[in-house]
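Just below is one structure, and these are the notes that go with it.
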Amino acid sequence: METRYPLIQITGRSLFSFLALLFVLLLLWLSTGYPPRARYVPQLVAYFTIICLLLQVILDSSPRLSALYGSVERAELFKSEPAGENQSGDGPPDLRQEITAYLWLAGLLAGLVLFGFLISIPCYILFYLRTQARLPWLNATLYGIGTFLFTYLLFVTLFEIRLYPGFLLETLLDF
Amino acid sequence: MTKKSISRRVFLEKVGGAVAGFALLGPWAGRVVAAGTCFPSGTTVRWIVPFSAGGGYTLYSRILEPFLEDAVGAEIVVENHPGAGGATGSTKLFKATPNGRTIGIVNAGGILMSGIAGEVDFTIERYTILGRVVDTRQVICVGKPTFDKGIRTIEDVLQVKEPLIWGVTGPGSNEFFGAAVLSHLLGIKRRFLSGYPGSTEYVLAAAKGEIDLVESTFSSLISPIEAGDLVPLALVGPKVPEHAIFEKKRIPSVMEIAKMVGANASDVLGAAQVTAAGRVVVGPPGIPADVTKCLSNGLYEAMTNPGLKAIADGARRPIDPIGAEEARRALLEAAVSAKKFKKIWQQAVKELGT
Amino acid sequence: MFDSFLESTGILFLGSSLFGPVSIPNIAIPIIGTLIGMFFGILPGVSGVTGMALLIPFTFSWTLIPTILLFGSIYGGGTYCGSITAILINIPGTAPNAATCLDGYPMARMGEAKTALGASAAASAMGAAFGVFVLIAMLPVMRATVLAFGPAEFFMLAVLGLTVIAVVSEGNLIKGMAAGGVGLLLAFIGRDPVTGALRFTFGTLYLQDGIRLVPLFLGMFAVTEMINLAASRRKTISGREHVEELTGSLWEGVLSVFRYFGLFIRSSILGTVIGMIPGIGGTVASFVAYGHAVQSTKDNQRFGKGDIRGVIAPEACNDAKDGGSLVPVLAFGIPGSEGAALVLVAMLLHGLIPGRELMTTNLHLAFLLIWALFISNQLTSIIGVMIINQVVRFTVIRTQLLVPFIFILAVVGAYAERTAMGDVLLTFVFGVLGYLMKKHAYPRVSLVIALILGELFEVNFRQAMRLHEFGRLDFFDRPIFLGLVLFTLLSVVYPFYQSLRARKGIGVKQSPAGKM
């Protein structure tokens, strides 16, 4: 019996394609204010990309049309694709773990912006290894100190690169 | 001070610094330098370079570093902050705390260009000017293929019927300002071909005959001139570079050409001053007067050190230092000229876009 | 010429240099330089250029010969090391190593890191040797070769590179083209080089320079993969927990270069030629080589999934390019890259003038520079091979232990290049974008290729049209341009012709986009 696919189904995938389309439309709109020779090629590329993305939004939002077209987009995550993504069979990611990964990343970024490299880096290592890798406090602390020393000796002392001290320290202590 | 003793001391300082840094930890650890003249012993001064590590500004900074450390009595730490054609680092420098512990080297002409383009809200003369390392006086050259076709002198350039093609990087550069304004004032028929990433690329284009004219600093063009790929036609400014080529054959300056064609020679000199504005050492506005005086004296002492001149000459990066006051006056004049020719420049920029 | 070569060989192997009271054999200097170059090359965001810039004042008191040997070997030492991290942990040590990530890292994920590293070492060493030999052979015609390339040729090279998007996207063609289009648009961010107009900068100073390659690669490769590892149930990069479980071998990798010898030669030629032309750069070269490998080989479905040819091509190209990039320095005194610029500075500082004088009266010194480059390229591969068994352990380390350190390496590397926090933020942005693209089956490689080639494509197109307008460019009078047009057409037609034949031959009806 032939499977009957729904005509419209909004998924994360179709949303992503739609956001990409909005982004390109924004760039097209911005380009209208540039000198003629500066906007010519970007506009050509934008028109072409908009057509591709429109088609893709339709395909991603309509499993029935997608099946007719012959695409394998079935609103499933992590289908392998020619550009070589994930062909070793990891399966779809755990949503909780995905969100955890994003949160740790956001935390690292916030730490870097507020407290700078030399404070955030060892703290991040320490807490990540303690909570995610479940290392004992002592081991995690040693790794944190080691990372701090490595970063400092290499980048500050040897390369003479001034690592960003963080917005808070920069403002309060006038670095 | 000999080159040998400088480099040995620098080496020992680097090793000592690594050990001290490890022992003391924290960003406050610094190397021990000679007893201070401008600052307390052990002070670190940040030297901002608004360009990347591989370029001429960094090279000048690294050559100057040991001499300046001795002269001002502080450790100089060179920091590269490239971006936006120098505007990122220059802005950082402008907004730094004015305590004398953050200074740097900037492209004065580039800041003038950013100012007239309205891209930065500060101008060069608002910085605390400490001195000028070298001016960026330029020379206009013709490519060898064009030379072979009969454009051999500036008179030939002035007499062409069809516009010549002038290769430039883009509107933000000093050399584009010079090309745009001087060609207008002197009546040179030209069309610009822009978009070259740097002088390397438009020099090659001239060597191939794709374009006819180029303008850049003498130090950038000396190798292709010596190789015969470019032939100098005119000096943008009154000073003649110290080189055998200019002793062998007299190259006119743009002021002399102005007199020849009946243009206003002082206008032309003004435009030349903008392009030659130079590599200038500055600090943020508001550095206390005593610190400014100490830094500028120390800088001048470093720049006029014969040891430094020997190294710089060897690297084909000439030093032509002037002190703080003289540099400030020259930059004020250049700023006035930049504003004066803003409309001509804007017209040329518009041509590029249409 | 042969006399100069012999003279330089004698200086290198039999001579020594004085450093104060100490005399060091000259052969030791390129070894030290190589180690320095390797050290800088393995760290993302920092390259041999940083090392050379730091060392310049240190060498003021040196004589010419040790300076040439040191800088030449640092220059060559940085190239290979970046591919070790590219293969093992998907972090390209330098931007030109990014193309190696595309198949090198998938091979590590399959437990075949040793094979990938072996192929990389062999392709690098042999590619470097090829580049050096070609450089020497081309000494008499260097000038003419460099002058033969102009905007029309650069534009066609960019088009050739962009056509790869169609091939790597086969099966997902619309998404691939869309990703490529977005990549091109991202490439236009910043100051338009031709008119000076600021495009898509949203009023920020940071975006005036456009999207930098280091945050792009660190984000889209390293951060994306680390998010992927953190979010998946994968225990280690290779999926194995013990080194003994890893498959493949060093020798399998080395022998593969000989198995695909034709590809190796073509990639090395590409690297040498592109290296010779200032203004193109190593990143473009390695991606063009990768693209050529995809387009020119019969069964190319495995590219991007761990095909060893995807390692051989960019690696050979990358190292062959080092030799080529010295051509404009030696011939014109014009540096083709930042590294070459510092080599030039080091030469000038000691009174060695490039150009005619170097290529005639001081030719032995030019050979000395070439020797330094050759030795460093070979030495990095030898050292790489020696440490293979130690470095592959990275692929069996628990992901929760590995992920935080790689994130740190990525952010510090992103910051180190220009000390701009904007680069760190951009790394995160591309990291998340890359992960979402991966999740929703948009090929990252298409976006990356288009972003790298965008400026080359647009600026040279506009310059070529302008020159044509000025009557300075006759497209039909440029044999290299015409050759590239033909080659590009063949590159596009050939893979589709092959797949059509394959479908007819197998007799299976496949939907046009259904290559899953």
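To be explicit about the labels: the chains of the structure tokens are called A, B, and onward in the order shown, and within each one the residues are counted from 1, while ligands get numbers from 1 in the order they are shown.
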**Message:** For the helix (DSSP H, G or I) assignment from backbone DSSP, which residues of range 136-226 of chain B qualify? Please present them as a ChimeraX atom specification.
**Reply:** /B:144-148,154-159,174-186,199-208,218-226
Could you dump the residues just selected with C-alpha atoms as a PDB file, in the first residue's frame?
ATOM      1  CA  LYS B 144      57.665  49.190 -18.627  1.00  0.00           C
ATOM      2  CA  PRO B 145      55.325  48.106 -21.463  1.00  0.00           C
ATOM      3  CA  THR B 146      53.676  51.540 -21.442  1.00  0.00           C
ATOM      4  CA  PHE B 147      57.108  53.159 -21.267  1.00  0.00           C
ATOM      5  CA  ASP B 148      58.116  51.190 -24.359  1.00  0.00           C
ATOM      6  CA  ILE B 154      55.523  63.235 -17.285  1.00  0.00           C
ATOM      7  CA  GLU B 155      55.218  65.493 -20.314  1.00  0.00           C
ATOM      8  CA  ASP B 156      54.163  62.481 -22.374  1.00  0.00           C
ATOM      9  CA  VAL B 157      51.558  61.657 -19.727  1.00  0.00           C
ATOM     10  CA  LEU B 158      50.156  65.152 -19.882  1.00  0.00           C
ATOM     11  CA  GLN B 159      49.880  65.022 -23.641  1.00  0.00           C
ATOM     12  CA  ASN B 174      46.582  57.421   0.588  1.00  0.00           C
ATOM     13  CA  GLU B 175      47.710  56.579  -2.877  1.00  0.00           C
ATOM     14  CA  PHE B 176      44.178  56.766  -4.241  1.00  0.00           C
ATOM     15  CA  PHE B 177      43.789  60.210  -2.688  1.00  0.00           C
ATOM     16  CA  GLY B 178      47.044  61.279  -4.288  1.00  0.00           C
ATOM     17  CA  ALA B 179      46.110  59.807  -7.647  1.00  0.00           C
ATOM     18  CA  ALA B 180      42.609  61.318  -7.609  1.00  0.00           C
ATOM     19  CA  VAL B 181      43.562  64.808  -6.465  1.00  0.00           C
ATOM     20  CA  LEU B 182      46.846  65.181  -8.311  1.00  0.00           C
ATOM     21  CA  SER B 183      45.449  63.927 -11.605  1.00  0.00           C
ATOM     22  CA  HIS B 184      42.623  66.454 -11.237  1.00  0.00           C
ATOM     23  CA  LEU B 185      44.925  69.364 -10.320  1.00  0.00           C
ATOM     24  CA  LEU B 186      47.523  68.591 -12.957  1.00  0.00           C
ATOM     25  CA  SER B 199      50.868  47.329  -4.304  1.00  0.00           C
ATOM     26  CA  THR B 200      52.239  43.884  -5.209  1.00  0.00           C
ATOM     27  CA  GLU B 201      49.286  43.220  -7.476  1.00  0.00           C
ATOM     28  CA  TYR B 202      49.112  46.540  -9.265  1.00  0.00           C
ATOM     29  CA  VAL B 203      52.883  46.551  -9.769  1.00  0.00           C
ATOM     30  CA  LEU B 204      52.549  43.184 -11.502  1.00  0.00           C
ATOM     31  CA  ALA B 205      49.655  44.534 -13.543  1.00  0.00           C
ATOM     32  CA  ALA B 206      51.816  47.482 -14.650  1.00  0.00           C
ATOM     33  CA  ALA B 207      54.671  45.119 -15.465  1.00  0.00           C
ATOM     34  CA  LYS B 208      52.278  43.206 -17.719  1.00  0.00           C
ATOM     35  CA  PHE B 218      59.147  54.633  -2.588  1.00  0.00           C
ATOM     36  CA  SER B 219      60.037  51.713  -0.302  1.00  0.00           C
ATOM     37  CA  SER B 220      57.235  49.617  -1.841  1.00  0.00           C
ATOM     38  CA  LEU B 221      58.333  50.362  -5.394  1.00  0.00           C
ATOM     39  CA  ILE B 222      62.113  50.262  -5.121  1.00  0.00           C
ATOM     40  CA  SER B 223      62.456  46.574  -6.027  1.00  0.00           C
ATOM     41  CA  PRO B 224      60.360  46.758  -9.227  1.00  0.00           C
ATOM     42  CA  ILE B 225      62.067  50.045 -10.182  1.00  0.00           C
ATOM     43  CA  GLU B 226      65.470  48.446  -9.799  1.00  0.00           C
TER      44      GLU B 226
END
**Request:** For Lys114 in chain C, list every protein, DNA or RNA residue within 8 Å, evaluated using only C-alpha atoms, and leave out those in the same chain fewer than 5 positions away; present the list as a PyMOL selection string.
**Result:** chain C and resi 108+247-250+253+388-389+392
**Item:** Neighbour list for range 301-312 of chain C as a PyMOL selection string, cut-off 6 Å, only C-alpha atoms, skip fewer than 2 positions in-chain
**Value:** (chain A and resi 83-84) or (chain C and resi 100+102-104+106-107+123+299+314-316)
Closest atom pairs, chain B residues within 7 Å of chain C, only C-alpha atoms, as CSV:
residue,atom,partner,partner_atom,distance
B:Lys3,CA,C:Ser61,CA,5.4
B:Lys4,CA,C:Ser61,CA,4.9
B:Ser7,CA,C:Phe58,CA,5.0
B:Val10,CA,C:Phe58,CA,6.9
B:Phe11,CA,C:Phe58,CA,6.7
B:Ala53,CA,C:Ala53,CA,6.3
B:Gly54,CA,C:Glu338,CA,5.5
B:Arg62,CA,C:Pro57,CA,6.3
B:Ile63,CA,C:Pro57,CA,6.4
B:Asn80,CA,C:Arg418,CA,6.7
B:His81,CA,C:Arg418,CA,5.7
B:Pro82,CA,C:Arg418,CA,6.1
B:Gly83,CA,C:Asp209,CA,6.1
B:Ala84,CA,C:Gln208,CA,5.2
B:Thr88,CA,C:Leu205,CA,6.7
B:Gly170,CA,C:Gly196,CA,5.8
B:Pro171,CA,C:Gly196,CA,5.5
B:Gly172,CA,C:Gly196,CA,7.0
B:Ser194,CA,C:Val194,CA,5.0
B:Gly195,CA,C:Val194,CA,4.0
B:Thr200,CA,C:Ile334,CA,6.1
B:Lys208,CA,C:Leu147,CA,6.1
B:Glu210,CA,C:Arg472,CA,6.0
B:Ser223,CA,C:Gly333,CA,6.2
B:Pro224,CA,C:Phe332,CA,6.7
B:Ala227,CA,C:Gly355,CA,6.5
B:Gly314,CA,C:Leu349,CA,5.0
B:Ala315,CA,C:Leu349,CA,3.8
B:Arg316,CA,C:Leu348,CA,6.7
B:Val349,CA,C:Thr195,CA,6.9
B:Leu352,CA,C:Thr195,CA,5.1
B:Gly353,CA,C:Thr195,CA,5.0
**Prompt:** Of the residues B:Asp229, B:Val281, B:Lys149, B:Glu69, which is the one nearest to Ile48 in chain B, using only C-alpha atoms?
**Reply:** B:Val281
**Message:** So that I can check the surroundings of Leu216 in chain C, please list as an MDAnalysis selection string every protein, DNA and RNA residue that reaches within 9 Å of it, counting only C-alpha atoms and ignoring chain neighbours fewer than 2 positions away.
**Reply:** chainID C and resid 211:214 218:221 423 426:427 429:431 448
Could you save those same residues with N, CA and C atoms as a CSV table (one decimal), in the first residue's frame?
chain,number,residue,atom,x,y,z
C,211,ILE,N,34.3,38.1,6.4
C,211,ILE,CA,34.4,36.9,7.3
C,211,ILE,C,35.8,36.4,7.2
C,212,ARG,N,36.5,36.3,8.3
C,212,ARG,CA,37.8,35.8,8.3
C,212,ARG,C,37.8,34.3,8.2
C,213,LEU,N,38.8,33.7,7.6
C,213,LEU,CA,38.8,32.2,7.4
C,213,LEU,C,39.1,31.5,8.7
C,214,VAL,N,39.9,32.0,9.6
C,214,VAL,CA,40.2,31.3,10.8
C,214,VAL,C,39.0,31.0,11.6
C,218,LEU,N,37.5,27.2,12.2
C,218,LEU,CA,37.5,26.7,13.6
C,218,LEU,C,36.0,26.5,14.0
C,219,GLY,N,35.1,27.4,13.5
C,219,GLY,CA,33.7,27.2,13.9
C,219,GLY,C,33.1,26.0,13.2
C,220,MET,N,33.2,26.1,11.8
C,220,MET,CA,32.4,25.1,11.0
C,220,MET,C,33.0,23.7,11.1
C,221,PHE,N,34.3,23.6,11.4
C,221,PHE,CA,34.9,22.3,11.5
C,221,PHE,C,35.0,21.8,13.0
C,423,ASP,N,36.2,37.7,16.5
C,423,ASP,CA,36.6,36.4,15.9
C,423,ASP,C,36.1,35.3,16.8
C,426,LEU,N,32.4,35.0,16.3
C,426,LEU,CA,32.1,34.5,15.0
C,426,LEU,C,32.3,33.0,14.9
C,427,THR,N,33.4,32.5,15.6
C,427,THR,CA,33.6,31.1,15.7
C,427,THR,C,32.4,30.3,16.3
C,429,VAL,N,29.3,31.4,16.3
C,429,VAL,CA,28.2,31.5,15.4
C,429,VAL,C,28.3,30.5,14.3
C,430,PHE,N,29.5,30.4,13.7
C,430,PHE,CA,29.7,29.4,12.7
C,430,PHE,C,29.7,27.9,13.2
C,431,GLY,N,30.1,27.8,14.4
C,431,GLY,CA,30.0,26.5,15.1
C,431,GLY,C,28.5,26.0,15.1
C,448,VAL,N,31.5,26.6,2.5
C,448,VAL,CA,32.9,27.0,2.7
C,448,VAL,C,33.7,27.3,1.4
**Request:** Write out as a list in words the residues lying within 6 Å of Val396 in chain C, counting only C-alpha atoms and excluding same-chain residues fewer than 5 positions away.
**Result:**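 Returned residues: Thr236, Arg240, Glu241 and His242 of chain C.
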**Prompt:** Quick one: which residues from chain A are at most 8 Å off chain B, using only C-alpha atoms, as a ChimeraX atom specification?
**Reply:** /A:35-38,149,153,157-158,160-162,174
Output the selection as a CSV table (one decimal), in the first residue's frame - N, CA and C atoms for each residue.
chain,number,residue,atom,x,y,z
A,35,PRO,N,26.2,51.4,-4.2
A,35,PRO,CA,26.5,51.9,-5.6
A,35,PRO,C,26.2,50.8,-6.6
A,36,PRO,N,25.9,51.2,-7.8
A,36,PRO,CA,25.5,50.1,-8.8
A,36,PRO,C,26.5,49.0,-9.0
A,37,ARG,N,27.8,49.4,-9.1
A,37,ARG,CA,28.8,48.4,-9.4
A,37,ARG,C,29.0,47.5,-8.2
A,38,ALA,N,28.7,48.0,-7.0
A,38,ALA,CA,29.0,47.2,-5.8
A,38,ALA,C,27.8,46.3,-5.6
A,149,LEU,N,48.1,27.4,32.9
A,149,LEU,CA,49.5,27.5,32.7
A,149,LEU,C,49.9,27.5,31.3
A,153,LEU,N,51.6,30.6,29.5
A,153,LEU,CA,53.0,30.6,29.1
A,153,LEU,C,53.2,30.7,27.6
A,157,THR,N,53.3,34.8,27.5
A,157,THR,CA,54.7,35.0,27.7
A,157,THR,C,55.5,34.8,26.4
A,158,LEU,N,55.2,33.7,25.7
A,158,LEU,CA,56.0,33.4,24.5
A,158,LEU,C,55.6,34.2,23.3
A,160,GLU,N,53.5,36.8,23.3
A,160,GLU,CA,53.3,38.2,23.7
A,160,GLU,C,51.9,38.6,23.2
A,161,ILE,N,50.9,37.7,23.2
A,161,ILE,CA,49.6,38.1,22.8
A,161,ILE,C,48.8,38.5,24.1
A,162,ARG,N,48.2,39.6,24.1
A,162,ARG,CA,47.5,40.1,25.3
A,162,ARG,C,46.1,39.5,25.2
A,174,ASP,N,40.5,48.8,35.1
A,174,ASP,CA,41.1,49.8,34.1
A,174,ASP,C,42.3,49.2,33.5
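The closest residue to chain A, picked from C:Arg444, C:Arg478, C:Arg266, C:Lys321 and counting only C-alpha atoms, is C:Arg444.
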Residues of chain C that have any atom at most 7 Å from an atom of chain A: could you tabulate them with the shortest-distance atom pair and the distance in Å to one decimal, using only C-alpha atoms, ordered by chain and increasing number, as a tab-separated table?
residue	atom	partner	partner_atom	distance
C:Val168	CA	A:Ala83	CA	5.9
C:Ser169	CA	A:Pro82	CA	6.3
C:Glu170	CA	A:Pro82	CA	6.7
C:Gly171	CA	A:Pro82	CA	6.8
C:Ile174	CA	A:Cys52	CA	5.7
C:Lys175	CA	A:Gln56	CA	7.0
C:Met177	CA	A:Cys52	CA	6.9
C:Ala178	CA	A:Thr49	CA	5.2
C:Gly181	CA	A:Thr49	CA	5.2
C:Val182	CA	A:Thr49	CA	7.0
C:Leu185	CA	A:Pro42	CA	6.3
C:Asp192	CA	A:Ala38	CA	6.6
C:Thr195	CA	A:Ala38	CA	6.5
C:Ala197	CA	A:Ala38	CA	6.8
C:Phe200	CA	A:Leu27	CA	6.9
C:Ile227	CA	A:Ala101	CA	6.0
C:Ala230	CA	A:Ala101	CA	6.0
C:Ala231	CA	A:Glu98	CA	4.4
C:Ser232	CA	A:Pro93	CA	4.9
C:Arg234	CA	A:Asp90	CA	6.7
C:Gln301	CA	A:Pro82	CA	6.8
C:Phe303	CA	A:Gly84	CA	6.9
C:Gly304	CA	A:Gly84	CA	4.0
C:Lys305	CA	A:Gly84	CA	4.3
C:Gln400	CA	A:Ala133	CA	5.0
C:Leu401	CA	A:Ala133	CA	6.0
C:Pro404	CA	A:Ile125	CA	6.2
C:Ile408	CA	A:Ile121	CA	6.9
C:Ala416	CA	A:Ile161	CA	6.9
C:Lys438	CA	A:Glu85	CA	6.5
C:Lys439	CA	A:Phe78	CA	5.7
C:His440	CA	A:Arg13	CA	5.4
C:Ala441	CA	A:Glu81	CA	6.6
C:Pro443	CA	A:Ala83	CA	5.3
C:Val445	CA	A:Ala83	CA	6.7
C:Ser511	CA	A:Gly70	CA	5.8
C:Ala513	CA	A:Ser71	CA	5.8
C:Gly514	CA	A:Ser71	CA	5.5
C:Met516	CA	A:Glu81	CA	6.3
**Message:** Env of Ala108 in chain B: 8 Å cut, atoms = only C-alpha atoms, seq-sep filter 5 positions within chain, self excluded. Answer as a list in words.
**Reply:**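 Once the nearby chain positions are removed, what remains is Ile124, Ala277, Gly278, Arg279, Val280 and Leu331 of chain B.
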Any chance you can output those residues with N, CA and C atoms as a PDB file, in the first residue's frame?
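Written output follows (again.pdb):
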ATOM      1  N   ILE B 124      43.327  62.727  12.986  1.00  0.00           N
ATOM      2  CA  ILE B 124      44.700  62.424  13.401  1.00  0.00           C
ATOM      3  C   ILE B 124      45.235  63.432  14.402  1.00  0.00           C
ATOM      4  N   ALA B 277      51.716  61.771   4.737  1.00  0.00           N
ATOM      5  CA  ALA B 277      51.482  61.992   6.173  1.00  0.00           C
ATOM      6  C   ALA B 277      52.285  61.064   7.070  1.00  0.00           C
ATOM      7  N   GLY B 278      52.480  59.824   6.630  1.00  0.00           N
ATOM      8  CA  GLY B 278      53.517  59.025   7.269  1.00  0.00           C
ATOM      9  C   GLY B 278      53.088  58.060   8.354  1.00  0.00           C
ATOM     10  N   ARG B 279      54.090  57.389   8.865  1.00  0.00           N
ATOM     11  CA  ARG B 279      53.918  56.438   9.969  1.00  0.00           C
ATOM     12  C   ARG B 279      54.245  57.212  11.238  1.00  0.00           C
ATOM     13  N   VAL B 280      53.196  57.449  12.010  1.00  0.00           N
ATOM     14  CA  VAL B 280      53.310  58.377  13.131  1.00  0.00           C
ATOM     15  C   VAL B 280      53.092  57.627  14.442  1.00  0.00           C
ATOM     16  N   LEU B 331      50.984  67.371  10.401  1.00  0.00           N
ATOM     17  CA  LEU B 331      49.702  66.666  10.338  1.00  0.00           C
ATOM     18  C   LEU B 331      48.532  67.638  10.305  1.00  0.00           C
TER      19      LEU B 331
END
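The coordinates place CA of Val411 in chain C at 29.6 Å from CA of Leu246 in chain C.
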**Backbone-only DSSP, strand (DSSP E or B) members of range 113-322 of chain B, as a PyMOL selection string** = chain B and resi 128-134+138-143+164-167+190-193+213-217+230-236+253+279-283+322
